[in-house]
file run_39.txt (compact mmCIF, C-alpha atoms)
# COMPACT_ATOMS: atom_id res chain seq x y z
CA MET A 1 13.66 63.31 69.98
CA ALA A 2 13.74 65.46 73.11
CA ASN A 3 15.77 65.28 76.33
CA ILE A 4 13.30 65.04 79.21
CA LEU A 5 13.82 64.93 82.98
CA VAL A 6 11.22 63.16 85.15
CA VAL A 7 11.33 64.14 88.84
CA ASP A 8 9.15 62.09 91.20
CA ASP A 9 9.76 60.35 94.51
CA GLU A 10 7.57 57.37 93.53
CA LEU A 11 9.49 54.67 91.66
CA GLY A 12 6.41 53.34 89.89
CA ILE A 13 5.55 56.74 88.45
CA ARG A 14 9.13 57.38 87.33
CA ASP A 15 9.25 54.00 85.59
CA LEU A 16 5.84 54.42 83.93
CA LEU A 17 6.48 57.93 82.62
CA SER A 18 9.97 57.11 81.40
CA GLU A 19 8.70 53.98 79.62
CA ILE A 20 5.95 55.90 77.81
CA LEU A 21 8.28 58.73 76.82
CA ASN A 22 11.02 56.32 75.71
CA ASP A 23 8.44 54.59 73.50
CA GLU A 24 7.79 57.98 71.92
CA GLY A 25 11.48 58.21 71.01
CA HIS A 26 12.55 60.65 73.72
CA SER A 27 15.68 60.44 75.86
CA VAL A 28 14.63 60.35 79.51
CA ASP A 29 16.54 60.92 82.76
CA VAL A 30 14.91 60.38 86.16
CA ALA A 31 15.40 61.90 89.61
CA GLU A 32 13.69 60.83 92.84
CA ASN A 33 14.10 64.12 94.71
CA ALA A 34 15.08 67.77 94.34
CA THR A 35 18.73 67.08 95.13
CA GLN A 36 19.07 64.68 92.21
CA ALA A 37 17.05 67.03 90.00
CA ARG A 38 19.45 69.90 90.77
CA LEU A 39 22.45 67.78 89.83
CA ALA A 40 20.81 66.59 86.63
CA ARG A 41 19.80 70.12 85.61
CA ASN A 42 23.30 71.46 86.31
CA GLU A 43 24.88 68.75 84.15
CA SER A 44 22.42 68.74 81.25
CA GLY A 45 20.19 71.07 79.31
CA TYR A 46 16.70 69.57 79.07
CA ASP A 47 13.99 70.30 76.54
CA LEU A 48 11.29 69.65 79.15
CA VAL A 49 10.94 68.67 82.82
CA LEU A 50 8.10 66.76 84.51
CA LEU A 51 8.27 67.86 88.17
CA ASP A 52 6.36 66.40 91.11
CA ILE A 53 5.14 68.96 93.66
CA TRP A 54 5.27 66.92 96.86
CA MET A 55 8.74 65.45 97.51
CA PRO A 56 10.50 64.55 100.77
CA ASP A 57 13.42 67.02 100.67
CA THR A 58 12.34 70.10 98.73
CA ASP A 59 8.90 70.51 97.18
CA GLY A 60 8.60 71.01 93.44
CA VAL A 61 7.28 74.58 93.66
CA SER A 62 10.32 75.63 95.72
CA LEU A 63 12.65 73.95 93.23
CA LEU A 64 10.85 75.67 90.36
CA LYS A 65 11.27 79.03 92.11
CA GLU A 66 14.97 78.28 92.69
CA TRP A 67 15.51 77.55 89.00
CA SER A 68 13.62 80.69 88.04
CA MET A 69 15.70 82.92 90.35
CA THR A 70 19.03 81.45 89.20
CA GLY A 71 18.31 81.61 85.47
CA LEU A 72 18.01 77.82 85.09
CA LEU A 73 14.34 77.83 84.13
CA THR A 74 15.12 77.75 80.41
CA MET A 75 12.82 74.80 79.59
CA PRO A 76 9.09 74.13 79.94
CA VAL A 77 8.27 72.56 83.31
CA ILE A 78 5.09 70.51 83.76
CA MET A 79 4.10 70.19 87.42
CA MET A 80 2.53 66.96 88.71
CA SER A 81 0.55 66.21 91.86
CA GLY A 82 -2.22 64.01 93.18
CA HIS A 83 -3.42 66.36 95.89
CA ALA A 84 -2.33 69.89 95.10
CA THR A 85 -4.72 72.77 95.64
CA ILE A 86 -5.76 75.23 92.97
CA ASP A 87 -3.70 77.87 94.77
CA THR A 88 -0.60 75.67 94.46
CA ALA A 89 -1.16 75.19 90.73
CA VAL A 90 -1.69 78.94 90.26
CA GLU A 91 1.46 79.70 92.25
CA ALA A 92 3.52 77.29 90.12
CA THR A 93 2.15 78.84 86.93
CA ARG A 94 2.95 82.33 88.21
CA ILE A 95 6.55 81.30 88.90
CA GLY A 96 6.94 79.92 85.39
CA ALA A 97 5.51 76.40 85.16
CA PHE A 98 4.20 75.61 81.69
CA SER A 99 1.25 73.47 82.80
CA PHE A 100 -0.07 71.19 85.52
CA LEU A 101 -1.01 67.48 85.43
CA GLU A 102 -3.15 65.91 88.12
CA LYS A 103 -2.35 62.35 89.19
CA PRO A 104 -3.21 59.69 88.25
CA ILE A 105 -1.91 60.87 84.89
CA THR A 106 -3.51 59.32 81.82
CA MET A 107 -1.30 58.51 78.86
CA GLN A 108 -3.33 60.79 76.57
CA LYS A 109 -2.98 63.81 78.89
CA LEU A 110 0.73 63.15 79.40
CA LEU A 111 1.51 62.95 75.69
CA LYS A 112 -0.60 66.01 74.89
CA ALA A 113 1.06 68.11 77.62
CA VAL A 114 4.55 67.00 76.57
CA GLU A 115 3.82 67.72 72.91
CA GLN A 116 2.52 71.20 73.72
CA GLY A 117 5.49 71.91 75.97
CA LEU A 118 8.00 70.87 73.33
CA GLN A 119 6.19 72.90 70.67
CA ARG A 120 6.67 76.03 72.78
CA ASN A 121 10.42 75.89 72.27
CA ALA A 122 10.33 74.49 68.75
CA PRO A 123 11.79 76.77 66.03
CA ALA A 124 9.40 78.13 63.46
CA PRO A 125 9.14 75.72 60.51
CA ALA A 126 10.65 76.73 57.19
CA ALA A 127 8.34 77.49 54.31
CA ALA A 128 7.10 74.22 52.93
CA PRO A 129 7.29 73.43 49.21
CA PRO A 130 4.02 73.11 47.32
CA ALA A 131 2.08 70.14 48.61
CA ALA A 132 2.09 67.04 46.47
CA ALA A 133 -1.09 65.36 45.43
CA ALA A 134 -2.70 63.29 48.18
CA PRO A 135 -1.68 59.62 48.11
CA GLY A 136 -4.20 57.30 46.54
CA LYS A 137 -6.20 54.94 48.77
CA LEU A 138 -7.56 51.56 47.85
CA ALA A 139 -10.03 49.44 49.80
CA PRO A 140 -8.86 46.17 51.38
CA SER A 141 -9.20 43.26 49.01
CA PHE A 142 -8.98 39.49 49.12
CA THR A 143 -7.10 37.87 46.27
CA PRO A 144 -6.24 34.24 45.45
CA THR A 145 -2.76 34.87 46.88
CA GLY A 146 -3.91 36.41 50.16
CA TYR A 147 -5.18 39.46 51.98
CA SER A 148 -4.04 42.93 50.93
CA ALA A 149 -4.20 45.77 53.46
CA PRO A 150 -5.19 49.24 52.16
CA VAL A 151 -2.54 50.71 49.89
CA VAL A 152 -1.54 54.08 51.36
CA ALA A 153 1.27 55.13 49.02
CA SER A 154 0.35 56.21 45.51
CA VAL A 155 1.80 54.46 42.51
CA ALA A 156 3.03 57.82 41.23
CA ASN A 157 5.10 58.22 44.37
CA ALA A 158 6.64 54.75 44.24
CA ALA A 159 10.13 55.89 45.23
CA SER A 160 8.81 57.28 48.53
CA ALA A 161 6.62 54.25 49.06
CA ASP A 162 9.65 51.96 48.97
CA ALA A 163 11.12 53.75 51.99
CA ALA A 164 7.84 53.66 53.93
CA PRO A 165 6.23 50.62 55.63
CA ASN A 166 4.64 48.45 52.97
CA ALA A 167 0.90 48.19 53.61
CA HIS A 168 0.34 46.00 50.54
CA GLN A 169 1.30 42.41 51.38
CA GLY A 170 0.25 38.99 50.20
CA PHE A 171 0.00 35.80 52.27
CA ASP A 172 0.31 32.17 51.30
CA LEU A 173 -3.04 30.54 52.12
CA ASP A 174 -1.89 27.03 51.18
CA ARG A 175 -0.77 26.15 54.70
CA PRO A 176 -2.33 25.29 58.10
CA LEU A 177 -4.66 27.90 59.57
CA ARG A 178 -2.46 28.58 62.63
CA GLU A 179 0.62 29.24 60.49
CA ALA A 180 -1.32 31.47 58.11
CA ARG A 181 -2.83 33.43 61.00
CA ASP A 182 0.53 33.87 62.75
CA GLY A 183 2.09 35.05 59.49
CA PHE A 184 -0.62 37.65 59.01
CA GLU A 185 -0.46 38.87 62.62
CA LYS A 186 3.32 39.18 62.54
CA ALA A 187 3.20 41.23 59.31
CA TYR A 188 0.34 43.32 60.73
CA PHE A 189 2.25 44.27 63.90
CA GLU A 190 5.54 44.81 62.04
CA PHE A 191 3.75 47.20 59.68
CA HIS A 192 2.31 49.28 62.54
CA LEU A 193 5.60 49.26 64.46
CA ALA A 194 7.40 50.55 61.38
CA ARG A 195 4.78 53.21 60.70
CA GLU A 196 4.82 54.42 64.33
CA GLY A 197 8.63 54.43 64.59
CA GLY A 198 8.66 51.57 67.09
CA SER A 199 6.38 53.38 69.58
CA MET A 200 4.60 50.72 71.64
CA THR A 201 2.31 53.40 73.02
CA ARG A 202 0.96 54.39 69.61
CA VAL A 203 0.80 50.79 68.34
CA ALA A 204 -1.24 49.83 71.43
CA GLU A 205 -3.66 52.67 70.70
CA LYS A 206 -3.83 51.85 66.99
CA THR A 207 -4.43 48.10 67.46
CA GLY A 208 -6.70 48.40 70.49
CA LEU A 209 -4.56 46.15 72.69
CA GLU A 210 -3.47 46.70 76.27
CA ARG A 211 0.30 47.28 76.41
CA THR A 212 1.12 44.16 78.48
CA HIS A 213 -0.94 42.00 76.12
CA LEU A 214 0.73 43.65 73.13
CA TYR A 215 4.26 42.96 74.46
CA ARG A 216 3.33 39.33 75.12
CA LYS A 217 1.80 38.94 71.66
CA LEU A 218 4.84 40.41 69.89
CA ARG A 219 7.23 38.15 71.78
CA GLN A 220 5.06 35.15 70.94
CA LEU A 221 5.16 36.03 67.22
CA GLY A 222 8.91 36.65 67.28
CA VAL A 223 8.65 40.31 66.28
CA ASP A 224 11.92 42.27 66.62
CA LEU A 225 11.01 45.18 68.94
CA THR A 226 14.27 47.06 68.31
CA ARG A 227 14.12 47.05 64.54
CA ASN A 228 12.05 50.21 64.05
CA LYS A 229 12.93 51.99 67.29
CA LYS A 230 13.57 55.73 66.93
CA HIS A 231 17.12 56.89 67.67

call {"tool": "encode", "arguments": {"input": "run_39.txt", "output": "structure tokens"}}
result
Amino acid sequence: MANILVVDDELGIRDLLSEILNDEGHSVDVAENATQARLARNESGYDLVLLDIWMPDTDGVSLLKEWSMTGLLTMPVIMMSGHATIDTAVEATRIGAFSFLEKPITMQKLLKAVEQGLQRNAPAPAAAPPAAAAPGKLAPSFTPTGYSAPVVASVANAASADAAPNAHQGFDLDRPLREARDGFEKAYFEFHLAREGGSMTRVAEKTGLERTHLYRKLRQLGVDLTRNKKH
């Protein structure tokens, strides 16, 4: 989990970016102008900052330059703008910006830029122990007791499998179709939520559902959205 500051004068963009990043397990603070961004940066050390270029009080490039000159540019800064020129992007990069995102920002580009920015400051990983044998994979099957999703964990690694989301589940078919279907769907979404650490963004991508539809579906099925949330 990273501490991220989102600086943008548009409420809708602040809310959208913070929601996506919160779903990824990050801690997010927001600021609507350079004044609030200065205060936030002085009070906290951030792992990454998303900084809008055009703001009403001080533009993002000027704020970036200010941080650079005062020794506060200790974190990757990703600049954002819907109508910045190439010269502006080059200037921001020269001052010390890590990268530039053009609005409207797609979720895929946002997550990729954030991941790359955080990796820049990540410590080098320790030497890994010898890799274990790849987990066994079984095809989906239909049994007299119900549908079984593919088994991801190997039998030889049963202890680890117990701690991971259980992909192998059975369902009672001796009940009305609606109840059986709801039971399967609830288990299906709970499995993916557990595997993705509660990230609605990744579950939406995995299941092919639009986020609003996914939220509505989970509430309808009574799925606990806080159960697998990253802390």

call {"tool": "residues_near_point", "arguments": {"input": "run_39.txt", "point": "(13.4, 64.0, 75.9)", "cutoff": "10 Å", "atoms": "all atoms listed in the file", "output": "number ranges by chain"}}
result
A: 1-6, 18, 21-22, 24-29, 46-49, 114, 118

call {"tool": "atom_distance", "arguments": {"input": "run_39.txt", "atom1": "CA of Arg14 in chain A", "atom2": "CA of Leu218 in chain A"}}
result
24.7 Å

call {"tool": "atom_distance", "arguments": {"input": "run_39.txt", "atom1": "CA of Ala92 in chain A", "atom2": "CA of Ser62 in chain A"}}
result
9.0 Å

call {"tool": "atom_distance", "arguments": {"input": "run_39.txt", "atom1": "CA of Asp57 in chain A", "atom2": "CA of Thr35 in chain A"}}
result
7.7 Å

call {"tool": "closest_residue", "arguments": {"input": "run_39.txt", "among": "A:Asp182, A:Asp23, A:Leu63, A:Leu72", "to": "Ala37 in chain A", "atoms": "all atoms listed in the file"}}
result
A:Leu63

call {"tool": "residues_near_point", "arguments": {"input": "run_39.txt", "point": "(2.7, 70.7, 89.0)", "cutoff": "9 Å", "atoms": "all atoms listed in the file", "output": "PyMOL selection string"}}
result
chain A and resi 50-53+60-61+77-81+84+88-89+92-93+97-102

call {"tool": "write_last_selection", "arguments": {"input": "run_39.txt", "atoms": "C-alpha atoms", "output": "PDB file, keeping the file's coordinate frame"}}
result
ATOM      1  CA  LEU A  50       8.100  66.760  84.510  1.00  0.00           C
ATOM      2  CA  LEU A  51       8.270  67.860  88.170  1.00  0.00           C
ATOM      3  CA  ASP A  52       6.360  66.400  91.110  1.00  0.00           C
ATOM      4  CA  ILE A  53       5.140  68.960  93.660  1.00  0.00           C
ATOM      5  CA  GLY A  60       8.600  71.010  93.440  1.00  0.00           C
ATOM      6  CA  VAL A  61       7.280  74.580  93.660  1.00  0.00           C
ATOM      7  CA  VAL A  77       8.270  72.560  83.310  1.00  0.00           C
ATOM      8  CA  ILE A  78       5.090  70.510  83.760  1.00  0.00           C
ATOM      9  CA  MET A  79       4.100  70.190  87.420  1.00  0.00           C
ATOM     10  CA  MET A  80       2.530  66.960  88.710  1.00  0.00           C
ATOM     11  CA  SER A  81       0.550  66.210  91.860  1.00  0.00           C
ATOM     12  CA  ALA A  84      -2.330  69.890  95.100  1.00  0.00           C
ATOM     13  CA  THR A  88      -0.600  75.670  94.460  1.00  0.00           C
ATOM     14  CA  ALA A  89      -1.160  75.190  90.730  1.00  0.00           C
ATOM     15  CA  ALA A  92       3.520  77.290  90.120  1.00  0.00           C
ATOM     16  CA  THR A  93       2.150  78.840  86.930  1.00  0.00           C
ATOM     17  CA  ALA A  97       5.510  76.400  85.160  1.00  0.00           C
ATOM     18  CA  PHE A  98       4.200  75.610  81.690  1.00  0.00           C
ATOM     19  CA  SER A  99       1.250  73.470  82.800  1.00  0.00           C
ATOM     20  CA  PHE A 100      -0.070  71.190  85.520  1.00  0.00           C
ATOM     21  CA  LEU A 101      -1.010  67.480  85.430  1.00  0.00           C
ATOM     22  CA  GLU A 102      -3.150  65.910  88.120  1.00  0.00           C
TER      23      GLU A 102
END

call {"tool": "closest_residue", "arguments": {"input": "run_39.txt", "among": "A:Leu11, A:Leu64, A:Ile20, A:Ala204", "to": "Ala34 in chain A", "atoms": "all atoms listed in the file"}}
result
A:Leu64

call {"tool": "residues_around", "arguments": {"input": "run_39.txt", "residues": "Gly71 in chain A", "least_positions_apart": "5", "cutoff": "12 Å", "atoms": "all atoms listed in the file", "output": "NGL selection string"}}
result
:A and (41-42 or 64-66 or 96)
